[in-house]
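Student: Sharing a structure with you now.
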Amino acid sequence: MAEEQLVLDEAFTRRDEILQYLDAEIAVPAGDTTGHARLRMMANRREELRRADRGLIFGRLDALDRTVLRVGRVGVPSAGDDSDPLVIDWRAPAARPFYTATPVDPQGQGRRRHIRVDGREVTGVDDEPLDGAGAGELVGEGALLAALGERRTGRMGTAAATLQREQDEVVRADSRGPLVVQGGPGTGKTVVALHRVAYLLFTYPQLAAQGVLVLGPSLRFLEYITQVLPALGETAIVSATCDTLVPGIGVERAESREIAEIKGRGLWQQALSRYSASLVPRPVDLELVWEGERYTIGEHRVARALASATAGHSYHAARALFGQQVHHLLTDAIAERSEELLAQMEEGFEDLLARFDAGITRSDNRAASNGTTGTDVDGELTEEDLERLHDRIAADSGVAATLQGWWPTRDTTTELRRLLGDAELLRRWAPELTDAEREMVVGEPREWASSDIPLFDALDDLLGDVRPNEEQGEFLTDRAAAQRDWVYGHVVVDEAQELSEMQWHMVMRRCPSRSITAVGDIDQAEAPHRHTTWEDAVGAAFGTRWAQARLTICYRTPLEVMALTGPVLQNAGSRNEPPRAVRASGVEPWERTVDEPGLAAEAVRVIGELSERWAGGMVGVIAPRERLPALRAALPDVPVLSATEAKGLEWDATLLIDAPGITAEPRGWNGLYVALTRCTQEMGQLLVTHGAEAPR
């Protein structure tokens with residue numbers, strides 16, 4: 001410990017020197033674009049070093065060739081240019097053996113040391129020989145179990161110091177193409193996904209220019225994880241839920257599970273595509289007025305222009321392209337008429353001369369002071385004349401009004417409400433729906449529900465913007481969050497089993513490169529769709545082109561509680577083995593019965609006991625939805641959640657109330673599986689009786 005304390009002191013001293021240097025450099029204003037880029041880079045580096053107060057060093061590798069490396073949250077160079085770094089970043093390739101070396105596969109290492117620190121003080125070390133002596137199942141078992149035994153704080157902590165081999169393999173997996181990570185409760189899938197983001201941004205800096213999108217199941221969950229990535233030195237992150245992903249629209253009302261399932265089906269993508277295509281006008285003779293004269297663009301020319309404009313473009317992009325082509329066609333038509341008049345004049349129709357001159361004057365509109373050009377000499381329009389004429393046509397309000405009348409701009413809100421509120425339109429453009437399903441959709445209120453957000457996003461993408469987006473905000477995260485069509489370098493989806501097919505389409509639009517990490521547990525699915533396999537859940541979005549990884553070890557939930565999950569998974573129809581717990585808390589799950597009138601008072605009393613027993617940590621309550629209002633009123637200072645709301649969260653102790661009531665809810669066995677696995681130490685149950693003992 002004394003040896004590691006000396007190294008930690010040296011690393012902090014060097015870090016503080018670098019911070020002082022960066023502060024001085026950043027204080028000097030930049031003079032040009034290169035200077036501004038340099039200042040941004042230094043500011044990011046300063047923030048990264050500043051956040052490394054905890055875990056500046058957490059590990060050491062002793063190689064068989066006597067090379068010694070210290071591993072920490074960020075890299076810290078030595079003062080000398082030729083010296084080895086004091087600390088290597090945990091994301092660097094050289095640090096990988098810290099997570100993956102084993103006695104069977106030592107990867108050139110003789111020993112791994114986990115260093116426990118509290119700020120600037122070393123509080124303990126755990127050595128692991130990698131020569132086969134004293135081999136345990138876990139990497140850094142002492143440090144890991146110490147971390148797991150800490151009290152919960154309501155915010156997710158980093159795990160860079162204690163990542164296990166199967167977790168590290170996910171963190172450093174190839175970023176090309178979708179990766180689906182199946183992990184049961186307590187396997188660390190969320191932590192792994194976030195550390196994967198940090199690793200990818202470190203390894204592929206170009207991703208920072210596009211940003212990374214992290215999609216979570218709820219705002220409570222996003223608040224829970226909010227400190228992880230900044231603590232790892234990464235800030236180019238936009239976090240959202242599927243309900244908050246689209247700027248300018250949000251959920252305004254609740255909806256039934258049946259409606260949510262109908263609107264979540266992938267068939268809507270094609271239905272909306274067909275509907276938006278129907279809004280494009282059909283070819284006709286297009287009549288335009290210029291300077292009091294009428295010009296007709298024939299149907300065949302309009303058809304060619306339409307075909308060219310609509311190929312691969314959104315409604316409004318195609319409209320803009322078509323307008324540009326019309327401006328050229330009208331310019332040509334005016335020039336052709338002028339040439340026809342000239343030809344008639346040259347054939348002896350001198351009575352048309354005045355009309356010709358007047359037409360040219362109107363078309364050209366040049367002041368006498370501009371000098372003499374081509375039309376003054378021979379009556380023909382020069383290239384310069386044609387360009388000026390085209391620009392005038394493009395700016396003409398009359399031509400614009402004619403195009404607007406024939407091919408109007410469209411509002412996404414208006415068009416989606418029109419479609420969803422008209423059974424005949426749905427019959428035409430969404431024939432896959434039954435008559436009963438169409439009537440259910442049409443009968444919904446006009447306010448937006450959660451399942452409407454992906455439909456709005458899809459139609460908004462098909463219609464496109466009337467005007468190009470203007471960049472908003474100084475920071476990448478502000479600009480990305482404000483633009484519906486922002487393309488991210490990578491997307492992480494947590495609780496991915498809950499996404500509908502239309503929500504997956506939302507994800508794919510934001511990451512056409514398909515660089516996606518989806519983590520979840522198919523056995524915890526509670527969404528209205530009935531997916532029971534990942535093939536069902538992501539097939540509509542990914543087809544067969546995706547890879548899967550599995551996390552099989554449960555670190556959070558103790559052995560005593562995981563022993564209860566087998567029958568629950570069986571009743572849920574699971575095809576998976578529950579994750580294998582590797583730690584015991586020494587506290588057996590317990591249950592008590594209480595009658596209905598005394599439930600609230602008993603819950604208050606039990607929560608008081610648990611809070612005292614786990615002082616400094618967190619206690620939570622999970623109950624059926626119908627019981628939440630009364631329990632929240634009785635326990636205003638304690639998280640009281642449904643099983644769905646508790647997903648992804650963890651507490652030291654959980655009080656589960658009325659488990660049979662949870663199983664009676666839609667997909668209730670999956671919900672009970674979630675409820676059972678939220679604690680790190682203790683789980684108790686209150687079974688509610690109605691004059692007789694409740695079933696167990």
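In the structure tokens, chains take letters A, B, ... by order of appearance, with residues numbered from 1 within each chain and ligands from 1 in the order shown.
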If DSSP is run on the backbone, what residues of segment 460-533 of chain A are strand (DSSP E or B)? A reply as a ChimeraX atom specification would be ideal.

Tutor: /A:490-494,516-520

Student: For segment 321-333 of chain A, work out the shell of residues within 9 Å, counting only C-alpha atoms and skipping chain neighbours fewer than 5 positions away, then give it as a list of chain:residue names.

Tutor: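 Selected residues are A:Leu288, A:Trp290, A:Tyr295, A:Thr296, A:Ile297, A:Arg301, A:Val302, A:Ala305, A:Leu306, A:Ser308, A:Ala309, A:Thr310, A:His316, A:Ser338, A:Leu386, A:Glu387, A:Leu389, A:His390, A:Asp391, A:Ile393, A:Ala394, A:Val399, A:Ala400, A:Leu403.
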
Student: At a cut-off of 12 Å, using only C-alpha atoms, what residues contact Arg66 of chain A? Leave out same-chain residues fewer than 4 positions from it and give the result as a VMD selection string.

Tutor: chain A and resid 61 to 62 108 to 111

Student: May I have all residues of segment 157-346 of chain A that DSSP, computed from the backbone, assigns to alpha helix (DSSP H), given as a ChimeraX atom specification?

Tutor: /A:165-171,189-203,207-210,219-225,228-231,257-263,267-278,299-310,315-346

Student: Output C-alpha atoms for every residue in the selection just made, as a compact mmCIF listing (two decimals), in the first residue's frame.

Tutor:
# COMPACT_ATOMS: atom_id res chain seq x y z
CA ARG A 165 -13.85 -10.62 -18.81
CA GLU A 166 -17.24 -11.26 -20.44
CA GLN A 167 -18.16 -7.62 -19.81
CA ASP A 168 -14.90 -6.32 -21.30
CA GLU A 169 -15.47 -8.41 -24.44
CA VAL A 170 -18.73 -6.52 -24.97
CA VAL A 171 -17.12 -3.14 -24.20
CA LYS A 189 -25.48 -4.73 -18.93
CA THR A 190 -26.21 -1.01 -18.50
CA VAL A 191 -22.78 -0.29 -17.03
CA VAL A 192 -21.23 -2.33 -19.83
CA ALA A 193 -23.14 -0.38 -22.49
CA LEU A 194 -22.04 2.97 -21.04
CA HIS A 195 -18.42 1.89 -20.72
CA ARG A 196 -18.65 0.71 -24.32
CA VAL A 197 -19.62 4.26 -25.31
CA ALA A 198 -16.59 5.63 -23.47
CA TYR A 199 -14.35 3.04 -25.12
CA LEU A 200 -15.66 3.75 -28.63
CA LEU A 201 -15.28 7.52 -28.25
CA PHE A 202 -11.72 7.02 -26.98
CA THR A 203 -10.78 4.55 -29.71
CA LEU A 207 -17.43 9.56 -33.38
CA ALA A 208 -17.26 12.62 -31.13
CA ALA A 209 -18.02 14.82 -34.16
CA GLN A 210 -21.34 13.00 -34.63
CA LEU A 219 -36.41 9.86 -17.44
CA ARG A 220 -35.87 8.40 -13.96
CA PHE A 221 -33.49 5.87 -15.46
CA LEU A 222 -31.60 8.56 -17.41
CA GLU A 223 -31.18 10.55 -14.20
CA TYR A 224 -29.85 7.40 -12.53
CA ILE A 225 -27.09 6.93 -15.14
CA VAL A 228 -21.41 7.68 -15.55
CA LEU A 229 -20.18 8.96 -18.90
CA PRO A 230 -18.96 12.37 -17.71
CA ALA A 231 -17.08 10.58 -14.93
CA ARG A 257 -51.93 -1.53 -24.30
CA GLU A 258 -54.05 -2.80 -27.19
CA ILE A 259 -53.78 0.48 -29.09
CA ALA A 260 -50.07 0.74 -28.29
CA GLU A 261 -49.52 -2.72 -29.75
CA ILE A 262 -51.43 -1.88 -32.94
CA LYS A 263 -49.58 1.39 -33.51
CA LEU A 267 -46.60 -2.20 -41.00
CA TRP A 268 -47.00 1.52 -40.32
CA GLN A 269 -43.68 2.31 -41.97
CA GLN A 270 -44.99 1.15 -45.35
CA ALA A 271 -48.45 2.56 -44.70
CA LEU A 272 -47.03 6.03 -44.02
CA SER A 273 -44.74 5.75 -47.03
CA ARG A 274 -47.71 4.95 -49.25
CA TYR A 275 -49.70 7.79 -47.74
CA SER A 276 -46.93 10.39 -48.18
CA ALA A 277 -46.43 9.24 -51.79
CA SER A 278 -50.16 9.81 -52.42
CA GLU A 299 -47.81 16.94 -69.05
CA HIS A 300 -44.95 14.84 -70.44
CA ARG A 301 -42.36 17.38 -69.28
CA VAL A 302 -44.03 17.65 -65.88
CA ALA A 303 -43.97 13.84 -65.60
CA ARG A 304 -40.24 13.69 -66.34
CA ALA A 305 -39.53 16.46 -63.83
CA LEU A 306 -41.65 14.70 -61.18
CA ALA A 307 -39.89 11.38 -61.71
CA SER A 308 -36.49 13.03 -61.39
CA ALA A 309 -37.42 15.05 -58.31
CA THR A 310 -39.12 12.29 -56.31
CA TYR A 315 -41.89 15.08 -50.12
CA HIS A 316 -40.59 18.60 -49.47
CA ALA A 317 -37.12 17.94 -50.89
CA ALA A 318 -38.77 16.61 -54.07
CA ARG A 319 -41.05 19.65 -54.14
CA ALA A 320 -38.06 21.98 -53.96
CA LEU A 321 -36.23 20.11 -56.73
CA PHE A 322 -39.33 20.11 -58.91
CA GLY A 323 -39.69 23.86 -58.39
CA GLN A 324 -36.13 24.39 -59.56
CA GLN A 325 -36.83 22.36 -62.69
CA VAL A 326 -40.03 24.33 -63.35
CA HIS A 327 -38.04 27.57 -63.15
CA HIS A 328 -35.69 26.23 -65.84
CA LEU A 329 -38.59 24.97 -67.97
CA LEU A 330 -40.37 28.31 -67.78
CA THR A 331 -37.15 30.13 -68.65
CA ASP A 332 -36.79 27.89 -71.70
CA ALA A 333 -40.43 28.44 -72.66
CA ILE A 334 -40.06 32.23 -72.55
CA ALA A 335 -36.86 32.04 -74.58
CA GLU A 336 -38.50 29.73 -77.12
CA ARG A 337 -41.44 32.10 -77.55
CA SER A 338 -39.07 35.02 -78.04
CA GLU A 339 -37.17 33.06 -80.68
CA GLU A 340 -40.44 32.14 -82.42
CA LEU A 341 -41.44 35.79 -82.56
CA LEU A 342 -38.02 36.66 -83.95
CA ALA A 343 -38.34 33.99 -86.61
CA GLN A 344 -41.78 35.26 -87.62
CA MET A 345 -40.41 38.81 -87.85
CA GLU A 346 -37.51 37.73 -90.03

Student: List as an MDAnalysis selection string the protein and nucleic acid residues near Tyr21 of chain A, meaning an atom at most 12 Å away when only C-alpha atoms are counted, but skip any in the same chain fewer than 6 places from it.

Tutor: chainID A and resid 14:15 27:28 42:43 45:46

Student: For segment 80-94 of chain A, please output as a PyMOL selection string all residues within 6 Å (counting only C-alpha atoms; exclusion window: fewer than 4 positions along the same chain).

Tutor: chain A and resi 70-76+199

Student: Could the residues in this selection be written to a file with all heavy atoms, as a compact mmCIF listing (two decimals), in the first residue's frame?

Tutor:
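Saved result, again-v3.txt, follows:
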# COMPACT_ATOMS: atom_id res chain seq x y z
N ARG A 70 0.48 0.94 -14.64
CA ARG A 70 -0.65 1.31 -13.78
C ARG A 70 -1.82 1.71 -14.68
O ARG A 70 -1.64 2.44 -15.67
CB ARG A 70 -0.31 2.48 -12.86
CG ARG A 70 0.07 2.04 -11.45
CD ARG A 70 1.52 1.78 -11.34
NE ARG A 70 1.90 1.36 -9.98
CZ ARG A 70 3.16 1.12 -9.64
NH1 ARG A 70 4.13 1.25 -10.53
NH2 ARG A 70 3.46 0.71 -8.42
N VAL A 71 -3.01 1.27 -14.32
CA VAL A 71 -4.22 1.52 -15.10
C VAL A 71 -5.12 2.45 -14.31
O VAL A 71 -5.29 2.29 -13.09
CB VAL A 71 -4.96 0.20 -15.40
CG1 VAL A 71 -6.22 0.46 -16.24
CG2 VAL A 71 -4.04 -0.79 -16.10
N GLY A 72 -5.70 3.44 -14.99
CA GLY A 72 -6.58 4.38 -14.31
C GLY A 72 -7.67 4.91 -15.21
O GLY A 72 -7.80 4.52 -16.38
N ARG A 73 -8.43 5.84 -14.67
CA ARG A 73 -9.58 6.38 -15.40
C ARG A 73 -9.15 7.16 -16.63
O ARG A 73 -9.83 7.16 -17.64
CB ARG A 73 -10.41 7.25 -14.47
CG ARG A 73 -11.68 7.77 -15.08
CD ARG A 73 -12.62 8.30 -14.03
NE ARG A 73 -13.13 7.22 -13.22
CZ ARG A 73 -13.91 7.40 -12.15
NH1 ARG A 73 -14.24 8.62 -11.78
NH2 ARG A 73 -14.34 6.37 -11.46
N VAL A 74 -8.03 7.90 -16.54
CA VAL A 74 -7.49 8.64 -17.68
C VAL A 74 -5.99 8.42 -17.73
O VAL A 74 -5.37 8.06 -16.72
CB VAL A 74 -7.79 10.15 -17.60
CG1 VAL A 74 -9.28 10.42 -17.61
CG2 VAL A 74 -7.14 10.77 -16.37
N GLY A 75 -5.41 8.65 -18.90
CA GLY A 75 -3.97 8.54 -19.04
C GLY A 75 -3.27 9.76 -18.46
O GLY A 75 -3.74 10.88 -18.61
N VAL A 76 -2.13 9.53 -17.78
CA VAL A 76 -1.33 10.62 -17.23
C VAL A 76 0.11 10.41 -17.69
O VAL A 76 0.75 9.43 -17.30
CB VAL A 76 -1.38 10.66 -15.68
CG1 VAL A 76 -0.51 11.80 -15.16
CG2 VAL A 76 -2.81 10.79 -15.19
N TYR A 199 -15.42 3.71 -24.37
CA TYR A 199 -14.35 3.04 -25.12
C TYR A 199 -14.37 3.43 -26.59
O TYR A 199 -13.33 3.74 -27.20
CB TYR A 199 -14.48 1.52 -24.97
CG TYR A 199 -13.61 0.75 -25.94
CD1 TYR A 199 -12.24 0.64 -25.72
CD2 TYR A 199 -14.15 0.18 -27.08
CE1 TYR A 199 -11.43 -0.05 -26.61
CE2 TYR A 199 -13.35 -0.51 -27.98
CZ TYR A 199 -11.99 -0.62 -27.74
OH TYR A 199 -11.19 -1.28 -28.64
